[in-house]
Structure formats: C-alpha cells, structure tokens
Amino acid sequence: GDSVTQMEGPVTLSEEAFLTINCTYTATGYPSLFWYVQYPGEGLQLLLKATKADDKGSNKGFEATYRKETTSFHLEKGSVQVSDSAVYFCALSDDTGGFKTIFGAGTRLFVKA
Amino acid sequence: DTGVSQNPRHKITKRGQNVTFRCDPISEHNRLYWYRQTLGQGPEFLTYFQNEAQLEKSRLLSDRFSAERPKGSFSTLEIQRTEQGDSAMYLCASSPSGQVRTDTQYFGPGTRLTVL
C-alpha cells in the first residue's frame with residue numbers, strides 16, 4: 001500500500017541555518033504530495049503542496065519539489081527562524097485506492113535563537 | 001470563515017464507556033475526514049464523507065467505532081466500549097469540492113481522548 005517515510009527528529013538548528021527535512025513515498029498511482037505543519041498548541045495546517053511530477057510547492061520561504069524519479073518531496077528553507085519551530089508532516093493523497101490521505105510520522109524542528 | 005471546530009477538546013472516560021465526539025466543518029465544505037493521531041505519529045485515516053455519504057472506512061475503524069454525517073453538515077464519531085488503546089487525539093478535517101487527490105484539508109484542533 002501507499003506509504004510516506006520522513007526523517008526522524010527532532011531536528012535542532014540555530015536561527016538562519018539551512019533546513020532540509022527528507023520525505024520519500026511509495027504509491028500505486030500518481031499522488032499529490034503535501035507538507036502540513038503543526039505549530040505548538042495549534043491544529044495541522046497546509047504549508048505547501050505539489051500535484052504532479054516536477055512541480056514545486058512554496059510558501060513562507062519553504063520549498064519542496066515533487067521528484068517522481070526518486071519518489072521524494074524534501075522540504076527546504078534557506079534561513080529558519082525561531083517561529084518555524086513546529087512539527088512538519090509529509091503526506092500524500094492518491095485516489096486510485098480510495099480517498100485516504102497518508103501521513104508520515106512527523107519531524108519536530110527546534111530553532112534556537 | 002470560522003474554521004473547523006471540534007467538541008469536546010478533551011474527554012476522560014473509564015474503560016467500557018461510550019464516547020461521542022462532534023465535528024463542525026467549514027460551512028461550504030462538502031468533504032469531511034476523521035483521523036486518529038497517537039503520540040509521535042502522524043494522523044491515521046479513519047473515515048471519509050462526501051456530503052452525508054460515508055465513502056470510505058479504514059480497517060482501523062473496528063465495529064466499536066461508528067461515524068455519521070446525517071445532513072451533510074456536522075459529523076459525529078462514536079466509540080463504544082472504549083479500551084485503553086483508544087486513547088489518542090481524534091482529528092477532523094474538511095475540504096471543499098474538487099478533485100480529492102489535490103484537495104487541501106483544513107483541520108480542527110482535535111479531541112484528546114484518555115481512557116482510564
């Protein structure tokens with residue numbers, strides 16, 4: 001079945017450091033890929049998405065490119081801020097097997113001032 | 001846009017009791033999802049409604065779990081004869097009509113269930 005694997009956390013960075021959170025997936029069809037973020041005390045919210053191969057999703061300085069050849073959707077940001085501290089979830093949605101969305105286990109990011 | 005709301009936010013119950021949670025989606029959204037999230041894990045899909053029709057149920061949704069969306073608006077998730085393994089955060093999400101595969105889901109704050 002479909003699955004999402006993302007790098008284990010926590011990831012601890014200093015402010016202005018470069019961020020990469022790895023995400024790889026397996027899917028039977030042609031999924032859409034998502035990054036959701038959960039800030040402390042808040043619900044999950046969409047950060048960015050890409051719906052087909054080679055698409056790049058971007059938002060708030062974060063970027064991720066849908067790489068079909070490597071089945072990856074790595075999240076990057078050039079310069080993190082303390083306010084980026086949160087849990088990041090990679091997810092896929094593939095309607096060939098139904099309507100479910102599959103989430104990764106989440107990666108917690110701590111950014112130190 | 002008031003967002004997705006869930007009630008109650010916290011529920012503590014004794015093993016064997018029944019519990020019911022409510023989700024109010026964003027008003028114009030016709031799709032509604034329930035997920036379960038345990039500590040250190042991502043949300044796990046439980047079930048999906050399009051309007052009032054329950055179109056998909058996960059194998060995780062045992063016979064003790066039932067979900068309804070009677071008028072295509074709010075939804076309830078009931079757990080009968082709760083077990084300690086049911087302790088988790090139960091999340092509701094909604095999305096507007098469109099292609100399911102590309103939908104953005106809007107999540108509520110969740111209901112945290114603790115079964116003693």
# chains A, B, ... in the order shown; residues from 1 in each chain; ligands from 1
>>> select_by_dssp(residues="region 2-39 of chain A", states="strand (DSSP E or B)", output="ChimeraX atom specification")
/A:3-6,11-14,19-21,23-26,32-38
>>> write_last_selection(atoms="N, CA and C atoms", output="PDB file, in the first residue's frame")
ATOM      1  N   SER A   3       2.643   4.617   1.227  1.00  0.00           N
ATOM      2  CA  SER A   3       3.308   4.952   2.484  1.00  0.00           C
ATOM      3  C   SER A   3       4.164   6.200   2.315  1.00  0.00           C
ATOM      4  N   VAL A   4       4.455   6.834   3.442  1.00  0.00           N
ATOM      5  CA  VAL A   4       5.313   8.014   3.480  1.00  0.00           C
ATOM      6  C   VAL A   4       6.349   7.816   4.578  1.00  0.00           C
ATOM      7  N   THR A   5       7.591   8.069   4.257  1.00  0.00           N
ATOM      8  CA  THR A   5       8.673   7.966   5.231  1.00  0.00           C
ATOM      9  C   THR A   5       9.384   9.306   5.310  1.00  0.00           C
ATOM     10  N   GLN A   6       9.495   9.841   6.499  1.00  0.00           N
ATOM     11  CA  GLN A   6      10.216  11.094   6.652  1.00  0.00           C
ATOM     12  C   GLN A   6      11.269  10.953   7.736  1.00  0.00           C
ATOM     13  N   VAL A  11      14.948  17.731  14.952  1.00  0.00           N
ATOM     14  CA  VAL A  11      15.998  18.472  14.276  1.00  0.00           C
ATOM     15  C   VAL A  11      16.167  19.789  15.029  1.00  0.00           C
ATOM     16  N   THR A  12      17.392  20.066  15.431  1.00  0.00           N
ATOM     17  CA  THR A  12      17.677  21.305  16.161  1.00  0.00           C
ATOM     18  C   THR A  12      18.638  22.150  15.344  1.00  0.00           C
ATOM     19  N   LEU A  13      18.233  23.384  15.056  1.00  0.00           N
ATOM     20  CA  LEU A  13      19.039  24.286  14.252  1.00  0.00           C
ATOM     21  C   LEU A  13      19.147  25.648  14.931  1.00  0.00           C
ATOM     22  N   SER A  14      20.173  26.367  14.589  1.00  0.00           N
ATOM     23  CA  SER A  14      20.280  27.757  15.016  1.00  0.00           C
ATOM     24  C   SER A  14      19.554  28.642  14.021  1.00  0.00           C
ATOM     25  N   LEU A  19      17.589  24.510   6.296  1.00  0.00           N
ATOM     26  CA  LEU A  19      16.788  23.362   6.733  1.00  0.00           C
ATOM     27  C   LEU A  19      16.502  22.431   5.570  1.00  0.00           C
ATOM     28  N   THR A  20      16.697  21.140   5.803  1.00  0.00           N
ATOM     29  CA  THR A  20      16.172  20.109   4.921  1.00  0.00           C
ATOM     30  C   THR A  20      15.513  19.049   5.776  1.00  0.00           C
ATOM     31  N   ILE A  21      14.275  18.708   5.442  1.00  0.00           N
ATOM     32  CA  ILE A  21      13.599  17.558   6.050  1.00  0.00           C
ATOM     33  C   ILE A  21      13.267  16.611   4.903  1.00  0.00           C
ATOM     34  N   CYS A  23      11.714  13.490   2.813  1.00  0.00           N
ATOM     35  CA  CYS A  23      10.464  12.749   2.717  1.00  0.00           C
ATOM     36  C   CYS A  23      10.509  11.901   1.449  1.00  0.00           C
ATOM     37  N   THR A  24      10.252  10.612   1.584  1.00  0.00           N
ATOM     38  CA  THR A  24      10.113   9.736   0.426  1.00  0.00           C
ATOM     39  C   THR A  24       8.780   9.024   0.522  1.00  0.00           C
ATOM     40  N   TYR A  25       8.287   8.556  -0.613  1.00  0.00           N
ATOM     41  CA  TYR A  25       6.959   7.953  -0.622  1.00  0.00           C
ATOM     42  C   TYR A  25       6.926   6.725  -1.527  1.00  0.00           C
ATOM     43  N   THR A  26       5.934   5.889  -1.305  1.00  0.00           N
ATOM     44  CA  THR A  26       5.577   4.836  -2.248  1.00  0.00           C
ATOM     45  C   THR A  26       4.087   4.980  -2.527  1.00  0.00           C
ATOM     46  N   SER A  32      -0.798  13.294  -5.190  1.00  0.00           N
ATOM     47  CA  SER A  32      -0.415  14.661  -4.825  1.00  0.00           C
ATOM     48  C   SER A  32       0.372  14.571  -3.522  1.00  0.00           C
ATOM     49  N   LEU A  33       1.293  15.486  -3.341  1.00  0.00           N
ATOM     50  CA  LEU A  33       2.167  15.477  -2.162  1.00  0.00           C
ATOM     51  C   LEU A  33       1.990  16.781  -1.390  1.00  0.00           C
ATOM     52  N   PHE A  34       2.055  16.678  -0.092  1.00  0.00           N
ATOM     53  CA  PHE A  34       1.763  17.804   0.791  1.00  0.00           C
ATOM     54  C   PHE A  34       2.793  17.872   1.918  1.00  0.00           C
ATOM     55  N   TRP A  35       3.014  19.080   2.411  1.00  0.00           N
ATOM     56  CA  TRP A  35       3.631  19.293   3.705  1.00  0.00           C
ATOM     57  C   TRP A  35       2.628  20.058   4.560  1.00  0.00           C
ATOM     58  N   TYR A  36       2.300  19.452   5.705  1.00  0.00           N
ATOM     59  CA  TYR A  36       1.477  20.116   6.707  1.00  0.00           C
ATOM     60  C   TYR A  36       2.377  20.461   7.893  1.00  0.00           C
ATOM     61  N   VAL A  37       1.990  21.515   8.621  1.00  0.00           N
ATOM     62  CA  VAL A  37       2.774  21.944   9.781  1.00  0.00           C
ATOM     63  C   VAL A  37       1.847  22.097  10.980  1.00  0.00           C
ATOM     64  N   GLN A  38       2.368  21.724  12.130  1.00  0.00           N
ATOM     65  CA  GLN A  38       1.602  21.862  13.377  1.00  0.00           C
ATOM     66  C   GLN A  38       2.437  22.690  14.343  1.00  0.00           C
TER      67      GLN A  38
END
>>> closest_atom_pairs(of="chain A", to="chain B", cutoff="12 Å", atoms="only C-alpha atoms", output="tab-separated table")
residue	atom	partner	partner_atom	distance
A:Ser3	CA	B:Glu44	CA	11.3
A:Val4	CA	B:Gly42	CA	10.1
A:Thr5	CA	B:Gly42	CA	10.7
A:Gln6	CA	B:Gly42	CA	10.5
A:Glu8	CA	B:Gly40	CA	10.1
A:Gly9	CA	B:Gly40	CA	9.9
A:Pro10	CA	B:Gly40	CA	10.7
A:Gly29	CA	B:Arg101	CA	10.5
A:Tyr30	CA	B:Arg101	CA	8.9
A:Pro31	CA	B:Arg101	CA	6.8
A:Ser32	CA	B:Thr102	CA	5.8
A:Leu33	CA	B:Thr102	CA	8.3
A:Phe34	CA	B:Thr104	CA	8.5
A:Trp35	CA	B:Thr104	CA	10.4
A:Tyr36	CA	B:Gln105	CA	9.5
A:Val37	CA	B:Phe107	CA	10.9
A:Gln38	CA	B:Phe107	CA	10.2
A:Tyr39	CA	B:Pro109	CA	11.3
A:Pro40	CA	B:Pro109	CA	11.3
A:Gly41	CA	B:Pro109	CA	8.5
A:Glu42	CA	B:Pro109	CA	6.4
A:Gly43	CA	B:Pro109	CA	4.6
A:Leu44	CA	B:Phe107	CA	5.7
A:Gln45	CA	B:Tyr106	CA	6.5
A:Leu46	CA	B:Thr104	CA	6.9
A:Leu47	CA	B:Thr104	CA	9.9
A:Leu48	CA	B:Thr104	CA	9.3
A:Lys49	CA	B:Thr104	CA	8.3
A:Ala50	CA	B:Thr102	CA	8.2
A:Thr51	CA	B:Thr102	CA	6.1
A:Lys52	CA	B:Thr102	CA	9.5
A:Val87	CA	B:Gly40	CA	9.8
A:Tyr88	CA	B:Gly42	CA	9.5
A:Phe89	CA	B:Gly42	CA	6.9
A:Cys90	CA	B:Gly42	CA	8.9
A:Ala91	CA	B:Gly42	CA	9.1
A:Leu92	CA	B:Arg101	CA	8.5
A:Ser93	CA	B:Arg101	CA	5.2
A:Asp94	CA	B:Arg101	CA	5.5
A:Asp95	CA	B:Arg101	CA	5.5
A:Thr96	CA	B:Arg101	CA	8.9
A:Gly97	CA	B:Glu56	CA	10.3
A:Gly98	CA	B:Glu56	CA	7.1
A:Phe99	CA	B:Val100	CA	6.7
A:Lys100	CA	B:Phe45	CA	6.2
A:Thr101	CA	B:Phe45	CA	6.7
A:Ile102	CA	B:Glu44	CA	7.0
A:Phe103	CA	B:Gly42	CA	5.5
A:Gly104	CA	B:Gly42	CA	5.5
A:Ala105	CA	B:Gly42	CA	4.3
A:Gly106	CA	B:Gly42	CA	5.7
A:Thr107	CA	B:Gly40	CA	8.9
A:Arg108	CA	B:Gly40	CA	9.3
>>> write_last_selection(atoms="N, CA and C atoms", output="short mmCIF file (atom, residue, chain, number, x, y, z; two decimals), in the first residue's frame")
data_model
loop_
_atom_site.label_atom_id
_atom_site.label_comp_id
_atom_site.auth_asym_id
_atom_site.auth_seq_id
_atom_site.Cartn_x
_atom_site.Cartn_y
_atom_site.Cartn_z
N SER A 3 2.64 4.62 1.23
CA SER A 3 3.31 4.95 2.48
C SER A 3 4.16 6.20 2.31
N VAL A 4 4.45 6.83 3.44
CA VAL A 4 5.31 8.01 3.48
C VAL A 4 6.35 7.82 4.58
N THR A 5 7.59 8.07 4.26
CA THR A 5 8.67 7.97 5.23
C THR A 5 9.38 9.31 5.31
N GLN A 6 9.50 9.84 6.50
CA GLN A 6 10.22 11.09 6.65
C GLN A 6 11.27 10.95 7.74
N GLU A 8 13.60 11.15 10.89
CA GLU A 8 13.24 11.22 12.29
C GLU A 8 13.77 12.51 12.88
N GLY A 9 13.07 13.01 13.87
CA GLY A 9 13.54 14.18 14.59
C GLY A 9 13.96 13.78 15.99
N PRO A 10 14.14 14.76 16.84
CA PRO A 10 14.00 16.16 16.48
C PRO A 10 15.20 16.71 15.72
N GLY A 29 -0.39 4.94 -7.64
CA GLY A 29 -0.86 5.79 -8.72
C GLY A 29 0.01 7.02 -8.87
N TYR A 30 -0.65 8.15 -9.09
CA TYR A 30 0.04 9.43 -9.27
C TYR A 30 -0.44 10.38 -8.17
N PRO A 31 0.20 10.31 -7.03
CA PRO A 31 -0.33 11.06 -5.89
C PRO A 31 -0.05 12.55 -5.98
N SER A 32 -0.80 13.29 -5.19
CA SER A 32 -0.42 14.66 -4.82
C SER A 32 0.37 14.57 -3.52
N LEU A 33 1.29 15.49 -3.34
CA LEU A 33 2.17 15.48 -2.16
C LEU A 33 1.99 16.78 -1.39
N PHE A 34 2.05 16.68 -0.09
CA PHE A 34 1.76 17.80 0.79
C PHE A 34 2.79 17.87 1.92
N TRP A 35 3.01 19.08 2.41
CA TRP A 35 3.63 19.29 3.70
C TRP A 35 2.63 20.06 4.56
N TYR A 36 2.30 19.45 5.70
CA TYR A 36 1.48 20.12 6.71
C TYR A 36 2.38 20.46 7.89
N VAL A 37 1.99 21.51 8.62
CA VAL A 37 2.77 21.94 9.78
C VAL A 37 1.85 22.10 10.98
N GLN A 38 2.37 21.72 12.13
CA GLN A 38 1.60 21.86 13.38
C GLN A 38 2.44 22.69 14.34
N TYR A 39 2.04 23.94 14.53
CA TYR A 39 2.71 24.80 15.49
C TYR A 39 2.24 24.45 16.90
N PRO A 40 3.04 24.74 17.90
CA PRO A 40 2.66 24.38 19.28
C PRO A 40 1.28 24.90 19.65
N GLY A 41 0.43 24.00 20.12
CA GLY A 41 -0.90 24.39 20.58
C GLY A 41 -1.91 24.64 19.47
N GLU A 42 -1.53 24.37 18.21
CA GLU A 42 -2.44 24.63 17.10
C GLU A 42 -2.73 23.35 16.32
N GLY A 43 -3.74 23.42 15.46
CA GLY A 43 -4.06 22.29 14.59
C GLY A 43 -3.16 22.24 13.37
N LEU A 44 -3.20 21.12 12.66
CA LEU A 44 -2.43 21.00 11.42
C LEU A 44 -2.93 21.99 10.39
N GLN A 45 -1.99 22.54 9.63
CA GLN A 45 -2.37 23.42 8.54
C GLN A 45 -1.44 23.15 7.35
N LEU A 46 -2.00 23.36 6.18
CA LEU A 46 -1.21 23.12 4.98
C LEU A 46 -0.09 24.13 4.88
N LEU A 47 1.12 23.65 4.60
CA LEU A 47 2.25 24.53 4.34
C LEU A 47 2.43 24.72 2.84
N LEU A 48 2.48 23.61 2.10
CA LEU A 48 2.60 23.68 0.65
C LEU A 48 2.21 22.34 0.04
N LYS A 49 1.98 22.34 -1.28
CA LYS A 49 1.64 21.10 -1.95
C LYS A 49 2.12 21.13 -3.39
N ALA A 50 2.20 19.93 -3.98
CA ALA A 50 2.53 19.78 -5.40
C ALA A 50 1.69 18.63 -5.94
N THR A 51 1.07 18.83 -7.08
CA THR A 51 0.11 17.84 -7.55
C THR A 51 0.61 17.00 -8.72
N LYS A 52 1.76 17.32 -9.28
CA LYS A 52 2.30 16.46 -10.33
C LYS A 52 3.82 16.55 -10.35
N VAL A 87 6.09 20.92 14.29
CA VAL A 87 6.20 19.56 13.76
C VAL A 87 5.73 19.58 12.31
N TYR A 88 6.51 19.00 11.43
CA TYR A 88 6.24 19.01 9.99
C TYR A 88 5.88 17.60 9.54
N PHE A 89 4.76 17.51 8.80
CA PHE A 89 4.27 16.22 8.33
C PHE A 89 4.25 16.21 6.81
N CYS A 90 4.87 15.20 6.23
CA CYS A 90 4.77 14.94 4.80
C CYS A 90 3.56 14.03 4.57
N ALA A 91 2.84 14.24 3.49
CA ALA A 91 1.64 13.44 3.25
C ALA A 91 1.41 13.26 1.76
N LEU A 92 0.68 12.20 1.41
CA LEU A 92 0.28 12.00 0.03
C LEU A 92 -1.19 11.67 -0.05
N SER A 93 -1.78 12.02 -1.18
CA SER A 93 -3.18 11.72 -1.43
C SER A 93 -3.27 11.10 -2.81
N ASP A 94 -3.81 9.88 -2.85
CA ASP A 94 -3.80 9.11 -4.08
C ASP A 94 -5.17 8.48 -4.24
N ASP A 95 -5.96 8.94 -5.21
CA ASP A 95 -7.34 8.46 -5.29
C ASP A 95 -7.50 7.15 -6.05
N THR A 96 -6.40 6.52 -6.43
CA THR A 96 -6.55 5.25 -7.13
C THR A 96 -6.97 4.15 -6.19
N GLY A 97 -6.65 4.29 -4.92
CA GLY A 97 -7.01 3.26 -3.95
C GLY A 97 -8.06 3.72 -2.97
N GLY A 98 -8.74 4.81 -3.29
CA GLY A 98 -9.73 5.34 -2.34
C GLY A 98 -9.48 6.80 -2.08
N PHE A 99 -9.98 7.28 -0.97
CA PHE A 99 -9.93 8.71 -0.71
C PHE A 99 -9.02 9.08 0.45
N LYS A 100 -8.21 8.16 0.93
CA LYS A 100 -7.45 8.45 2.13
C LYS A 100 -6.21 9.26 1.83
N THR A 101 -5.79 10.02 2.82
CA THR A 101 -4.50 10.71 2.80
C THR A 101 -3.59 9.99 3.78
N ILE A 102 -2.36 9.72 3.34
CA ILE A 102 -1.38 9.02 4.17
C ILE A 102 -0.36 10.02 4.67
N PHE A 103 -0.15 10.06 5.98
CA PHE A 103 0.80 10.97 6.59
C PHE A 103 2.05 10.23 7.06
N GLY A 104 3.18 10.93 7.00
CA GLY A 104 4.37 10.45 7.66
C GLY A 104 4.27 10.66 9.17
N ALA A 105 5.29 10.21 9.88
CA ALA A 105 5.25 10.25 11.35
C ALA A 105 5.53 11.64 11.91
N GLY A 106 5.98 12.54 11.08
CA GLY A 106 6.25 13.90 11.56
C GLY A 106 7.70 14.09 11.96
N THR A 107 8.20 15.29 11.75
CA THR A 107 9.57 15.66 12.17
C THR A 107 9.47 16.95 12.98
N ARG A 108 9.93 16.85 14.22
CA ARG A 108 9.89 18.04 15.08
C ARG A 108 11.13 18.89 14.83
#
>>> residues_around(residues="Met89 (chain B)", least_positions_apart="2", cutoff="6 Å", atoms="only C-alpha atoms", output="number ranges by chain")
B: 36-37, 111-112
>>> atom_distance(atom1="CA of Asp54 (chain A)", atom2="CA of Ser97 (chain B)")
25.1 Å
>>> residues_around(residues="Arg81 (chain B)", least_positions_apart="6", cutoff="7 Å", atoms="only C-alpha atoms", output="list in words")
Arg15, Gly16, Gln17, Asn18 and Arg64 of chain B
>>> write_last_selection(atoms="C-alpha atoms", output="compact mmCIF listing (two decimals), in the first residue's frame")
# COMPACT_ATOMS: atom_id res chain seq x y z
CA ARG B 15 -12.78 1.71 30.06
CA GLY B 16 -16.01 0.26 28.77
CA GLN B 17 -17.87 3.56 28.50
CA ASN B 18 -19.17 5.02 25.25
CA ARG B 64 -16.88 -0.34 18.07
>>> residues_around(residues="Thr114 (chain B)", least_positions_apart="5", cutoff="10 Å", atoms="only C-alpha atoms", output="number ranges by chain")
B: 10-15, 82-89
>>> atom_distance(atom1="CA of Val111 (chain A)", atom2="CA of His74 (chain A)")
18.5 Å
>>> atom_distance(atom1="CA of Ser27 (chain B)", atom2="CA of Asn51 (chain B)")
11.4 Å
>>> residues_around(residues="Phe18 (chain A)", least_positions_apart="4", cutoff="8 Å", atoms="only C-alpha atoms", output="CSV table (one decimal) with all heavy atoms, in the first residue's frame")
chain,number,residue,atom,x,y,z
A,76,GLU,N,12.6,22.2,2.2
A,76,GLU,CA,13.8,23.1,2.4
A,76,GLU,C,13.4,24.5,2.7
A,76,GLU,O,12.4,25.0,2.3
A,76,GLU,CB,14.7,23.1,1.1
A,76,GLU,CG,15.2,21.7,0.8
A,76,GLU,CD,16.1,21.8,-0.5
A,76,GLU,OE1,16.0,22.7,-1.3
A,76,GLU,OE2,17.0,20.9,-0.6
A,77,LYS,N,14.3,25.1,3.5
A,77,LYS,CA,14.2,26.6,3.8
A,77,LYS,C,15.6,27.1,3.9
A,77,LYS,O,16.4,26.5,4.7
A,77,LYS,CB,13.3,26.9,5.0
A,77,LYS,CG,13.1,28.4,5.2
A,77,LYS,CD,12.1,28.7,6.3
A,77,LYS,CE,11.8,30.2,6.3
A,77,LYS,NZ,11.0,30.6,7.4
A,78,GLY,N,15.8,28.2,3.3
A,78,GLY,CA,17.2,28.7,3.3
A,78,GLY,C,17.7,29.3,4.6
A,78,GLY,O,18.9,29.3,4.9
A,79,SER,N,16.7,29.9,5.4
A,79,SER,CA,17.1,30.6,6.6
A,79,SER,C,16.0,30.4,7.6
A,79,SER,O,15.0,31.1,7.5
A,79,SER,CB,17.4,32.0,6.3
A,79,SER,OG,17.7,32.7,7.5
A,80,VAL,N,16.1,29.5,8.6
A,80,VAL,CA,15.0,29.3,9.5
A,80,VAL,C,14.9,30.4,10.6
A,80,VAL,O,16.0,31.0,11.0
A,80,VAL,CB,15.1,27.9,10.1
A,80,VAL,CG1,14.9,26.8,9.1
A,80,VAL,CG2,16.4,27.7,10.9
